[in-house]
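Engineer: Shown below is the structure under consideration.
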Amino acid sequence: MITYIARRLLFLPVVLIGVTLMIFVAMSFLSPYQLVSTYIKSPEELKNQSLDDLVRKYGLDQPVHVRYVNWMRNLFRGDLGYSVSANMPVAEAIARRFPATVELALFAIVPVILGGIWLGTISAKHYNRPLDHLSRTFAIVGWSLPDFVFGLILLMVFYGVLGWFPPGRLSMWADSIVLTGDFTRYTGLNTVDALLNGRPDIFWDAVRHLIAPVMTLAYLWWAYLLRITRSSMLEVMNKDYVRTARAKGLTEQVVMGRHVRRNALIPVATVSGSMVLGLLGGVVIVETVFDYKGLGLLTATGAQQLDYTLVLGTTLFYGLLLVLINLVVDVLYAVIDPRVRLE
Amino acid sequence: MKTKVFSLIVLLLTLSLSVSVFAFDPETFVYVGGAGGPQTLDPAAAYDTASGEVIHHVYDNLFEYVGGDLDKIGPMLALEVPTVANGLMSEDGRTIRVPIRQGVKFHDGSELTAEDVKYSFVRGMLADPAGGPMWMFFEPLLGVQTMRDVIAMAGGPSDFAEIDEVDPAILRKAYDLIDATIEVDGNDIVFHLVDPYPPFINILAKGGSWSSIISKEWMAAQGDWDGNPDTWAKWYDLALEEMTLYDKANGTGPFRLDTWDKSGAQILLSRFDEYWRGPAQLKSAVIKNIPEFSTRLLMLRAGDADGIYVGQQELPQVRSIPNVAVVEGLPQVTNTVLFFSFTIPIEGNEDLVGSGKLDGNGIPSDFFADINVRKGFSYAFDFEAYLNEVALGAGEIPKGPFPQSLPYVNTDQEYFTHDLNKAAEYFKQAFDGEVWEKGFKVGIVYNTGNDARKTALEILEYNIERINPKFQVEVIGLEWATVLDRLRSASLPVFVMGWLMDFPDTHNFAVPFMHSSGTFAGFCGQGLIDLAKEQFDELIAAGIKATDPAEREKIYFELQKQYVDLAVGMPFMEATTHRVMRDWVEGFEYCPAYSAQYDLYYISKVQK
């Protein structure tokens, strides 16, 4: 297994060079004056600007290969460059935004996975009966709803009408404490940092801001897990060993719990891995609607504004994340399924 | 177990309710914008509205507009407004003396001196970041546009790649040239202008973030330039984020900068209790940016935001919300113009110019160099329909390139009206009748995302195609980056852009629209540059040098008339603006020159 992991990790630089190279190749199709739009974001900002001065100042007229070599050289010194759209160095932008994304992912992943598996189990158990139809309809509606529509509905109800779950990551009063008071940032995760600082009020405020986006994500993704769990369970339920288990008089609970669900969970693990990856990569629309400043919003804004240093940095980061999470999923396979050997 | 979970949920919900009930905070003002956050907080570099918004509250200027009236300038950090009558301005308008107010404190507790005032402007000019606003000092003080020009004046090259390449002796000479333009005389500052420049006082007034007053001593303590004539080049044209004042501030304004929380896209300000006019009523303010309109609107409804940015198209959605005040029809000094490129490159531009010939399937390079074509387009546009249906009545139809709220604008100037017969007449004369006979096909461009501009072009398309079935107009949306790229090579035959004033003077519109080196002339091709050199440049130079108002009026009337007679471009909208706030906001004051949406110093909150 260790050789397997080492081999996969050795492959990592190749993946990273590949993706960044692709971005630079794509960039070579852009003229310096297209790239300068990063600095002049809208027609209203086009004042007494000499475009040529800006192009010269930021080296946008250099050939793409020169820029790639420069970028690589800086990368080896640990410098990912400066992001104009985020107003800070790329590394700092990722370091600040990623905890927000991790926090949302952590809070979302449990309800998403447990809820999805639970719904899938209900459907499979009550195959083709009203409860099956009901849970599938419920989940499929979530799957078909555009995320911004459902997000906005939740925001309107829970914030607009009830005033419970506001947008953003923290309320104004909490923000002013976190940003200016004697509040130590340990992890960047508001909930964890609040507890470590002994501020239950801020902890609760952070949770309050997480509930609506988590609900949105959960509802949208349940259908996906439901379908996987359901079909996989149905398949297993028809297997000979399940019939044997029933025949030898095991209770339904044991049959379902130990023999069916456990074996049916293997495809679910794969899907969950990609879900975690999706969550960690940031969920642009949900972040936009709930003004939740995470990595997804950062990357989307950067891409819109042709902020290529930021796009490169986040791509590199995603690449790293992708390889590592896939590796973890593979290792988890071996743990769940004794038949899988990593070689 | 279930009851426990249930009671926990009820407890949590009650808690959250109790938090939201106490949302009203009379001492904190929250403004939520939507068009993007600041680029920099450095007064020498900031040139966008969002940056100016923050700078407005943190720094003061020498002068301000009293009650928001552009015609009424009053002293701020200055003690008096210089005029020829009070002896502070010389007869020829070239020497301007400004006595500086005493006892004014910076946020760090130090006191304002005349030396700080001089440093503020000299440092800005020496730093001159590319694309920044400092040309507004170079032009009146030295008659040039950039620090590069000053180095060239001092005998150096203007096309150096790095400033280290320039001989230190020349850099010193360049410094001396700048240093000589501003003199400290006791508690006074004396400006020496190269030529008279009537709006110079406007450039120094509030609203001009570039003329904010900073502290020399504090800057030096932060490791920035300390006034040494031989070291300034180290801070010349740095990247925005490398400049000291990029995200730090020490001004004399009513609010101090607590933090610019970049990852949260918000700025936290707190009251400066030792403000020379007395402390503000608000204790703190937050300026946030949330691109999603629905989220902003919900925050306003919930009372978490006191004021939000609402686009013109979204205004009908907020008019009837209880407890929300909408102030409409606020005048702006701005215009939106349909531009024509006089010399369009053909190669690589086929999506817009088709065949590149006058054969009914395209347009030739000099299509819009024919005045009849430009007039045909201008008379085809339905100005009223745009104003009423698209802009929803929020504005005025222009009378030329200069907004009518400025001085020296002839409001009786005859202007284009929607008249398809007249348009047809001009099209029949264009290219000796060839245009009418063969027809044309042209792509006209807006930047995607700007729906109002798209509709303006569609109005034009509809009307032109009605004139002659051989006329084909295609409205094309391009990404802003592509628009910028193609503007650079004057490749867009027809495009729409707006201009928001830097300072309220006709000159600030004459240069970008009509001067051969103006912002838009470069985008309209050599044909317009040649025309401008021949017809406008001299008049524009005379207009800004003239000190006699009657003479200035004559010159700008003439420029306005020529612009319309020659149909150089087609200004079609002078938009007004609006504010959307909670009705508990009191003391709202408006000035068209200010970037700040709310002048927080005068704002207070009173729950109704």
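Letters A, B, ... mark the chains of the structure tokens in the order given; residue numbers begin at 1 per chain; ligand numbers begin at 1, in order shown.
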I'd like the contact shell of region 189-191 of chain B - 7 Å cut-off, only C-alpha atoms, skipping same-chain residues fewer than 5 positions apart - returned as a list in words.

Structural biologist: Thr95, Ile96, Arg97, Val98, Pro99, Ala114, Thr181, Ile182, Glu183 and Val184 of chain B

Engineer: One decimal, in Å: what's the spacing between CA of Pro291 (chain B) and CA of Ala35 (chain B)?

Structural biologist: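 Answer for the CA of Pro291 (chain B) to CA of Ala35 (chain B) separation: 6.4 Å.
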
Engineer: Check every residue of chain A for an atom within 6 Å of chain B, counting only C-alpha atoms, and provide those that qualify as a PDB file with N, CA and C atoms, in the first residue's frame.

Structural biologist:
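File written: selection.pdb
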```pdb
ATOM      1  N   TYR A  33      -3.928  43.492 -24.302  1.00  0.00           N
ATOM      2  CA  TYR A  33      -4.971  44.470 -23.982  1.00  0.00           C
ATOM      3  C   TYR A  33      -6.229  43.793 -23.461  1.00  0.00           C
ATOM      4  N   GLN A  34      -6.346  42.497 -23.703  1.00  0.00           N
ATOM      5  CA  GLN A  34      -7.434  41.766 -23.038  1.00  0.00           C
ATOM      6  C   GLN A  34      -7.054  41.530 -21.582  1.00  0.00           C
ATOM      7  N   SER A  37      -7.545  44.169 -18.842  1.00  0.00           N
ATOM      8  CA  SER A  37      -8.880  44.389 -18.275  1.00  0.00           C
ATOM      9  C   SER A  37      -8.943  43.967 -16.810  1.00  0.00           C
ATOM     10  N   GLU A  45     -14.197  52.714 -15.550  1.00  0.00           N
ATOM     11  CA  GLU A  45     -12.862  52.936 -14.992  1.00  0.00           C
ATOM     12  C   GLU A  45     -11.843  53.307 -16.061  1.00  0.00           C
ATOM     13  N   ASN A  48      -8.317  58.466 -17.794  1.00  0.00           N
ATOM     14  CA  ASN A  48      -7.204  58.985 -18.563  1.00  0.00           C
ATOM     15  C   ASN A  48      -6.098  57.944 -18.649  1.00  0.00           C
ATOM     16  N   GLN A  49      -6.486  56.697 -18.889  1.00  0.00           N
ATOM     17  CA  GLN A  49      -5.543  55.599 -18.763  1.00  0.00           C
ATOM     18  C   GLN A  49      -4.747  55.436 -20.035  1.00  0.00           C
ATOM     19  N   SER A  50      -3.470  55.288 -19.857  1.00  0.00           N
ATOM     20  CA  SER A  50      -2.687  54.880 -20.995  1.00  0.00           C
ATOM     21  C   SER A  50      -2.565  53.364 -20.908  1.00  0.00           C
ATOM     22  N   ASP A  53       0.967  51.959 -20.949  1.00  0.00           N
ATOM     23  CA  ASP A  53       1.728  52.072 -19.699  1.00  0.00           C
ATOM     24  C   ASP A  53       1.395  50.923 -18.754  1.00  0.00           C
ATOM     25  N   LEU A  54       0.100  50.589 -18.697  1.00  0.00           N
ATOM     26  CA  LEU A  54      -0.306  49.498 -17.806  1.00  0.00           C
ATOM     27  C   LEU A  54       0.232  48.153 -18.298  1.00  0.00           C
ATOM     28  N   GLY A 160     -35.360  36.660   5.249  1.00  0.00           N
ATOM     29  CA  GLY A 160     -36.278  37.748   4.923  1.00  0.00           C
ATOM     30  C   GLY A 160     -37.502  37.768   5.817  1.00  0.00           C
ATOM     31  N   TRP A 164     -33.929  34.505  10.907  1.00  0.00           N
ATOM     32  CA  TRP A 164     -33.109  33.566  11.684  1.00  0.00           C
ATOM     33  C   TRP A 164     -31.697  33.386  11.142  1.00  0.00           C
TER      34      TRP A 164
END
```

Engineer: Check the DSSP output for the backbone and give back, as a VMD selection string, the residues of region 216-287 of chain A in alpha helix (DSSP H).

Structural biologist: chain A and resid 216 to 237 240 to 247 252 to 254 262 to 280 284 to 287

Engineer: How about saving the chosen residues, C-alpha atoms kept, as an mmCIF file, in the first residue's frame?

Structural biologist:
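Saved file result15.cif follows:
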```cif
data_model
loop_
_atom_site.group_PDB
_atom_site.id
_atom_site.type_symbol
_atom_site.label_atom_id
_atom_site.label_comp_id
_atom_site.auth_asym_id
_atom_site.auth_seq_id
_atom_site.Cartn_x
_atom_site.Cartn_y
_atom_site.Cartn_z
ATOM 1 C CA THR A 216 -29.390 24.194 0.401
ATOM 2 C CA LEU A 217 -26.433 21.943 -0.323
ATOM 3 C CA ALA A 218 -27.982 19.004 1.483
ATOM 4 C CA TYR A 219 -31.290 19.175 -0.304
ATOM 5 C CA LEU A 220 -29.667 19.638 -3.681
ATOM 6 C CA TRP A 221 -27.373 16.670 -3.281
ATOM 7 C CA TRP A 222 -29.588 14.168 -1.507
ATOM 8 C CA ALA A 223 -31.158 12.927 -4.711
ATOM 9 C CA TYR A 224 -27.791 11.958 -6.102
ATOM 10 C CA LEU A 225 -26.839 9.866 -3.075
ATOM 11 C CA LEU A 226 -30.354 8.500 -2.777
ATOM 12 C CA ARG A 227 -30.216 7.107 -6.282
ATOM 13 C CA ILE A 228 -26.814 5.547 -5.832
ATOM 14 C CA THR A 229 -27.682 4.046 -2.441
ATOM 15 C CA ARG A 230 -31.064 2.829 -3.620
ATOM 16 C CA SER A 231 -29.901 1.082 -6.792
ATOM 17 C CA SER A 232 -26.870 -0.346 -5.104
ATOM 18 C CA MET A 233 -28.992 -1.663 -2.237
ATOM 19 C CA LEU A 234 -31.563 -3.164 -4.565
ATOM 20 C CA GLU A 235 -28.797 -4.931 -6.402
ATOM 21 C CA VAL A 236 -27.351 -6.346 -3.203
ATOM 22 C CA MET A 237 -30.779 -7.284 -1.835
ATOM 23 C CA ASP A 240 -27.819 -15.061 -3.025
ATOM 24 C CA TYR A 241 -26.075 -14.415 0.263
ATOM 25 C CA VAL A 242 -28.855 -12.052 1.322
ATOM 26 C CA ARG A 243 -31.428 -14.720 0.553
ATOM 27 C CA THR A 244 -29.280 -17.133 2.585
ATOM 28 C CA ALA A 245 -29.123 -14.688 5.463
ATOM 29 C CA ARG A 246 -32.888 -14.324 5.442
ATOM 30 C CA ALA A 247 -33.328 -18.102 5.091
ATOM 31 C CA GLU A 252 -34.633 -7.907 8.949
ATOM 32 C CA GLN A 253 -32.610 -5.296 10.836
ATOM 33 C CA VAL A 254 -29.482 -7.416 10.819
ATOM 34 C CA ARG A 262 -22.601 -2.425 4.249
ATOM 35 C CA ASN A 263 -22.001 -3.983 0.858
ATOM 36 C CA ALA A 264 -24.101 -1.405 -0.874
ATOM 37 C CA LEU A 265 -21.999 1.421 0.522
ATOM 38 C CA ILE A 266 -18.985 0.890 -1.721
ATOM 39 C CA PRO A 267 -20.265 2.954 -4.666
ATOM 40 C CA VAL A 268 -21.582 5.457 -2.127
ATOM 41 C CA ALA A 269 -18.059 5.900 -0.794
ATOM 42 C CA THR A 270 -16.797 6.725 -4.274
ATOM 43 C CA VAL A 271 -19.505 9.305 -4.827
ATOM 44 C CA SER A 272 -19.007 10.777 -1.371
ATOM 45 C CA GLY A 273 -15.338 11.256 -2.156
ATOM 46 C CA SER A 274 -16.154 13.305 -5.215
ATOM 47 C CA MET A 275 -18.758 15.204 -3.187
ATOM 48 C CA VAL A 276 -16.207 16.182 -0.580
ATOM 49 C CA LEU A 277 -13.969 17.305 -3.390
ATOM 50 C CA GLY A 278 -16.824 19.306 -4.896
ATOM 51 C CA LEU A 279 -17.550 20.944 -1.571
ATOM 52 C CA LEU A 280 -13.914 21.768 -0.917
ATOM 53 C CA VAL A 284 -20.029 29.180 -6.409
ATOM 54 C CA ILE A 285 -23.771 29.720 -6.580
ATOM 55 C CA VAL A 286 -24.494 28.892 -2.963
ATOM 56 C CA GLU A 287 -21.593 31.113 -1.919
#
```

Engineer: Write out as a PyMOL selection string each polymer residue whose atoms come within 10 Å of Asn323 (chain B), counting only C-alpha atoms; drop sequence neighbours fewer than 3 positions from it.

Structural biologist: chain B and resi 300-301+303+320+326+581-584+608

Engineer: Keeping only N, CA and C atoms, write those residues as a compact mmCIF listing (two decimals), in the first residue's frame.

Structural biologist:
```txt
# COMPACT_ATOMS: atom_id res chain seq x y z
N LEU B 300 -31.44 44.82 3.41
CA LEU B 300 -32.09 46.12 3.63
C LEU B 300 -33.43 45.93 4.33
N ARG B 301 -34.18 44.95 3.84
CA ARG B 301 -35.49 44.66 4.46
C ARG B 301 -35.32 44.29 5.93
N GLY B 303 -33.06 45.21 7.86
CA GLY B 303 -32.47 46.27 8.65
C GLY B 303 -31.01 46.05 8.95
N SER B 320 -41.84 50.30 -3.33
CA SER B 320 -43.00 50.19 -2.45
C SER B 320 -42.70 49.42 -1.16
N VAL B 326 -36.60 55.90 -0.97
CA VAL B 326 -35.92 55.93 -2.26
C VAL B 326 -35.82 57.39 -2.70
N MET B 581 -32.37 53.68 0.89
CA MET B 581 -31.93 53.55 2.28
C MET B 581 -33.12 53.28 3.20
N ARG B 582 -32.84 52.89 4.41
CA ARG B 582 -33.90 52.75 5.41
C ARG B 582 -34.38 54.14 5.80
N ASP B 583 -35.66 54.24 6.17
CA ASP B 583 -36.17 55.59 6.47
C ASP B 583 -35.69 56.10 7.83
N TRP B 584 -34.91 55.27 8.56
CA TRP B 584 -34.36 55.78 9.81
C TRP B 584 -33.05 56.56 9.58
N LYS B 608 -37.94 54.93 13.79
CA LYS B 608 -39.28 55.54 13.73
C LYS B 608 -40.30 54.63 14.40
```

Engineer: Measuring between only C-alpha atoms, which one of A:Thr101, A:Val19, A:Leu10, A:Arg185 shows the shortest distance to Val283 (chain A)?

Structural biologist: A:Thr101

Engineer: Near Phe339 (chain B), within 6 Å and counting only C-alpha atoms, which residues show up once chain neighbours fewer than 4 positions away are dropped, as a PDB file with N, CA and C atoms, in the first residue's frame?

Structural biologist:
```
ATOM      1  N   VAL B 494     -18.961  51.030 -34.104  1.00  0.00           N
ATOM      2  CA  VAL B 494     -19.888  51.792 -33.266  1.00  0.00           C
ATOM      3  C   VAL B 494     -19.852  51.178 -31.879  1.00  0.00           C
ATOM      4  N   PHE B 495     -19.680  51.991 -30.856  1.00  0.00           N
ATOM      5  CA  PHE B 495     -19.693  51.454 -29.493  1.00  0.00           C
ATOM      6  C   PHE B 495     -20.248  52.497 -28.539  1.00  0.00           C
ATOM      7  N   GLY B 569     -19.801  62.277 -32.363  1.00  0.00           N
ATOM      8  CA  GLY B 569     -20.349  61.132 -31.646  1.00  0.00           C
ATOM      9  C   GLY B 569     -21.797  61.473 -31.354  1.00  0.00           C
TER      10      GLY B 569
END
```

Engineer: Figure out the distance between CA of Met256 (chain A) and CA of Leu332 (chain A), please, to one decimal in Å.

Structural biologist: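 Interatomic distance, CA of Leu332 (chain A) to CA of Met256 (chain A): 21.9 Å.
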
Engineer: Show which residues sit within 10 Å of Asn61 (chain B), as number ranges by chain. Count only C-alpha atoms, and ignore same-chain residues fewer than 2 positions away.

Structural biologist: B: 56, 59, 63-64, 75-78, 117, 203-214, 251-253

Engineer: Could you turn the residues from that selection into a file that holds C-alpha atoms, as a short mmCIF file (atom, residue, chain, number, x, y, z; two decimals), in the first residue's frame?

Structural biologist:
```cif
data_model
loop_
_atom_site.label_atom_id
_atom_site.label_comp_id
_atom_site.auth_asym_id
_atom_site.auth_seq_id
_atom_site.Cartn_x
_atom_site.Cartn_y
_atom_site.Cartn_z
CA HIS B 56 -13.87 60.25 1.22
CA TYR B 59 -9.24 62.02 4.42
CA PHE B 63 -11.87 72.68 -0.18
CA GLU B 64 -15.37 71.26 -0.37
CA PRO B 75 -12.80 76.03 2.62
CA MET B 76 -12.14 72.73 4.39
CA LEU B 77 -8.52 72.27 5.47
CA ALA B 78 -7.86 75.64 3.84
CA VAL B 117 -0.09 69.61 2.31
CA ILE B 203 -9.30 69.48 -8.50
CA LEU B 204 -8.30 70.24 -4.91
CA ALA B 205 -11.85 70.01 -3.58
CA LYS B 206 -13.56 67.16 -1.73
CA GLY B 207 -14.60 64.46 -4.15
CA GLY B 208 -11.13 64.48 -5.63
CA SER B 209 -9.59 61.54 -3.76
CA TRP B 210 -6.28 62.45 -5.47
CA SER B 211 -6.04 65.67 -3.48
CA SER B 212 -6.51 64.10 -0.03
CA ILE B 213 -4.12 65.42 2.58
CA ILE B 214 -1.72 62.92 4.13
CA GLY B 251 -5.95 61.12 7.39
CA THR B 252 -7.67 64.03 9.07
CA GLY B 253 -11.16 62.84 8.09
#
```

Engineer: What lies within 12 Å of region 72-79 of chain A using only C-alpha atoms, ignoring chain neighbours under 3 positions off, as a CSV table (one decimal) with N, CA and C atoms, in the first residue's frame?

Structural biologist:
```csv
chain,number,residue,atom,x,y,z
A,16,LEU,N,0.2,18.7,-11.9
A,16,LEU,CA,0.2,20.1,-11.6
A,16,LEU,C,0.8,20.9,-12.8
A,17,ILE,N,2.0,20.4,-13.3
A,17,ILE,CA,2.6,21.0,-14.4
A,17,ILE,C,1.6,21.0,-15.6
A,20,THR,N,-1.3,23.6,-15.2
A,20,THR,CA,-0.9,25.0,-15.3
A,20,THR,C,-0.4,25.4,-16.7
A,21,LEU,N,0.2,24.4,-17.3
A,21,LEU,CA,0.6,24.6,-18.7
A,21,LEU,C,-0.6,24.8,-19.6
A,24,PHE,N,-1.7,28.4,-19.3
A,24,PHE,CA,-0.8,29.3,-20.0
A,24,PHE,C,-1.1,29.2,-21.5
A,65,HIS,N,5.6,32.0,-22.9
A,65,HIS,CA,6.6,31.1,-22.3
A,65,HIS,C,7.5,31.8,-21.3
A,66,VAL,N,7.8,33.1,-21.6
A,66,VAL,CA,8.6,33.9,-20.6
A,66,VAL,C,7.8,34.0,-19.3
A,67,ARG,N,6.5,34.3,-19.4
A,67,ARG,CA,5.7,34.4,-18.2
A,67,ARG,C,5.6,33.1,-17.5
A,68,TYR,N,5.5,32.0,-18.2
A,68,TYR,CA,5.4,30.7,-17.6
A,68,TYR,C,6.7,30.4,-16.8
A,69,VAL,N,7.8,30.7,-17.4
A,69,VAL,CA,9.1,30.4,-16.7
A,69,VAL,C,9.2,31.3,-15.5
A,82,TYR,N,0.5,37.9,-7.2
A,82,TYR,CA,-0.5,38.8,-6.5
A,82,TYR,C,-1.8,38.8,-7.3
A,83,SER,N,-2.9,38.7,-6.5
A,83,SER,CA,-4.2,38.6,-7.2
A,83,SER,C,-4.8,40.0,-7.1
A,89,PRO,N,-2.1,38.7,-2.0
A,89,PRO,CA,-1.3,37.7,-2.7
A,89,PRO,C,-2.2,36.4,-2.8
A,90,VAL,N,-1.9,35.7,-3.9
A,90,VAL,CA,-2.7,34.5,-4.2
A,90,VAL,C,-2.7,33.5,-3.0
A,91,ALA,N,-1.5,33.3,-2.5
A,91,ALA,CA,-1.4,32.3,-1.4
A,91,ALA,C,-2.2,32.7,-0.2
A,92,GLU,N,-2.2,34.0,0.1
A,92,GLU,CA,-2.9,34.5,1.2
A,92,GLU,C,-4.4,34.4,0.9
A,309,THR,N,-3.2,35.1,-12.5
A,309,THR,CA,-2.4,34.6,-11.4
A,309,THR,C,-3.2,33.9,-10.3
A,310,LEU,N,-4.4,34.5,-10.1
A,310,LEU,CA,-5.3,33.8,-9.1
A,310,LEU,C,-5.8,32.5,-9.7
A,312,LEU,N,-4.4,30.6,-11.8
A,312,LEU,CA,-3.3,29.6,-11.8
A,312,LEU,C,-3.1,29.0,-10.4
A,313,GLY,N,-3.2,29.9,-9.4
A,313,GLY,CA,-2.9,29.5,-8.0
A,313,GLY,C,-4.0,28.6,-7.5
A,316,LEU,N,-3.8,25.2,-9.3
A,316,LEU,CA,-2.8,24.4,-8.7
A,316,LEU,C,-3.3,23.7,-7.4
```
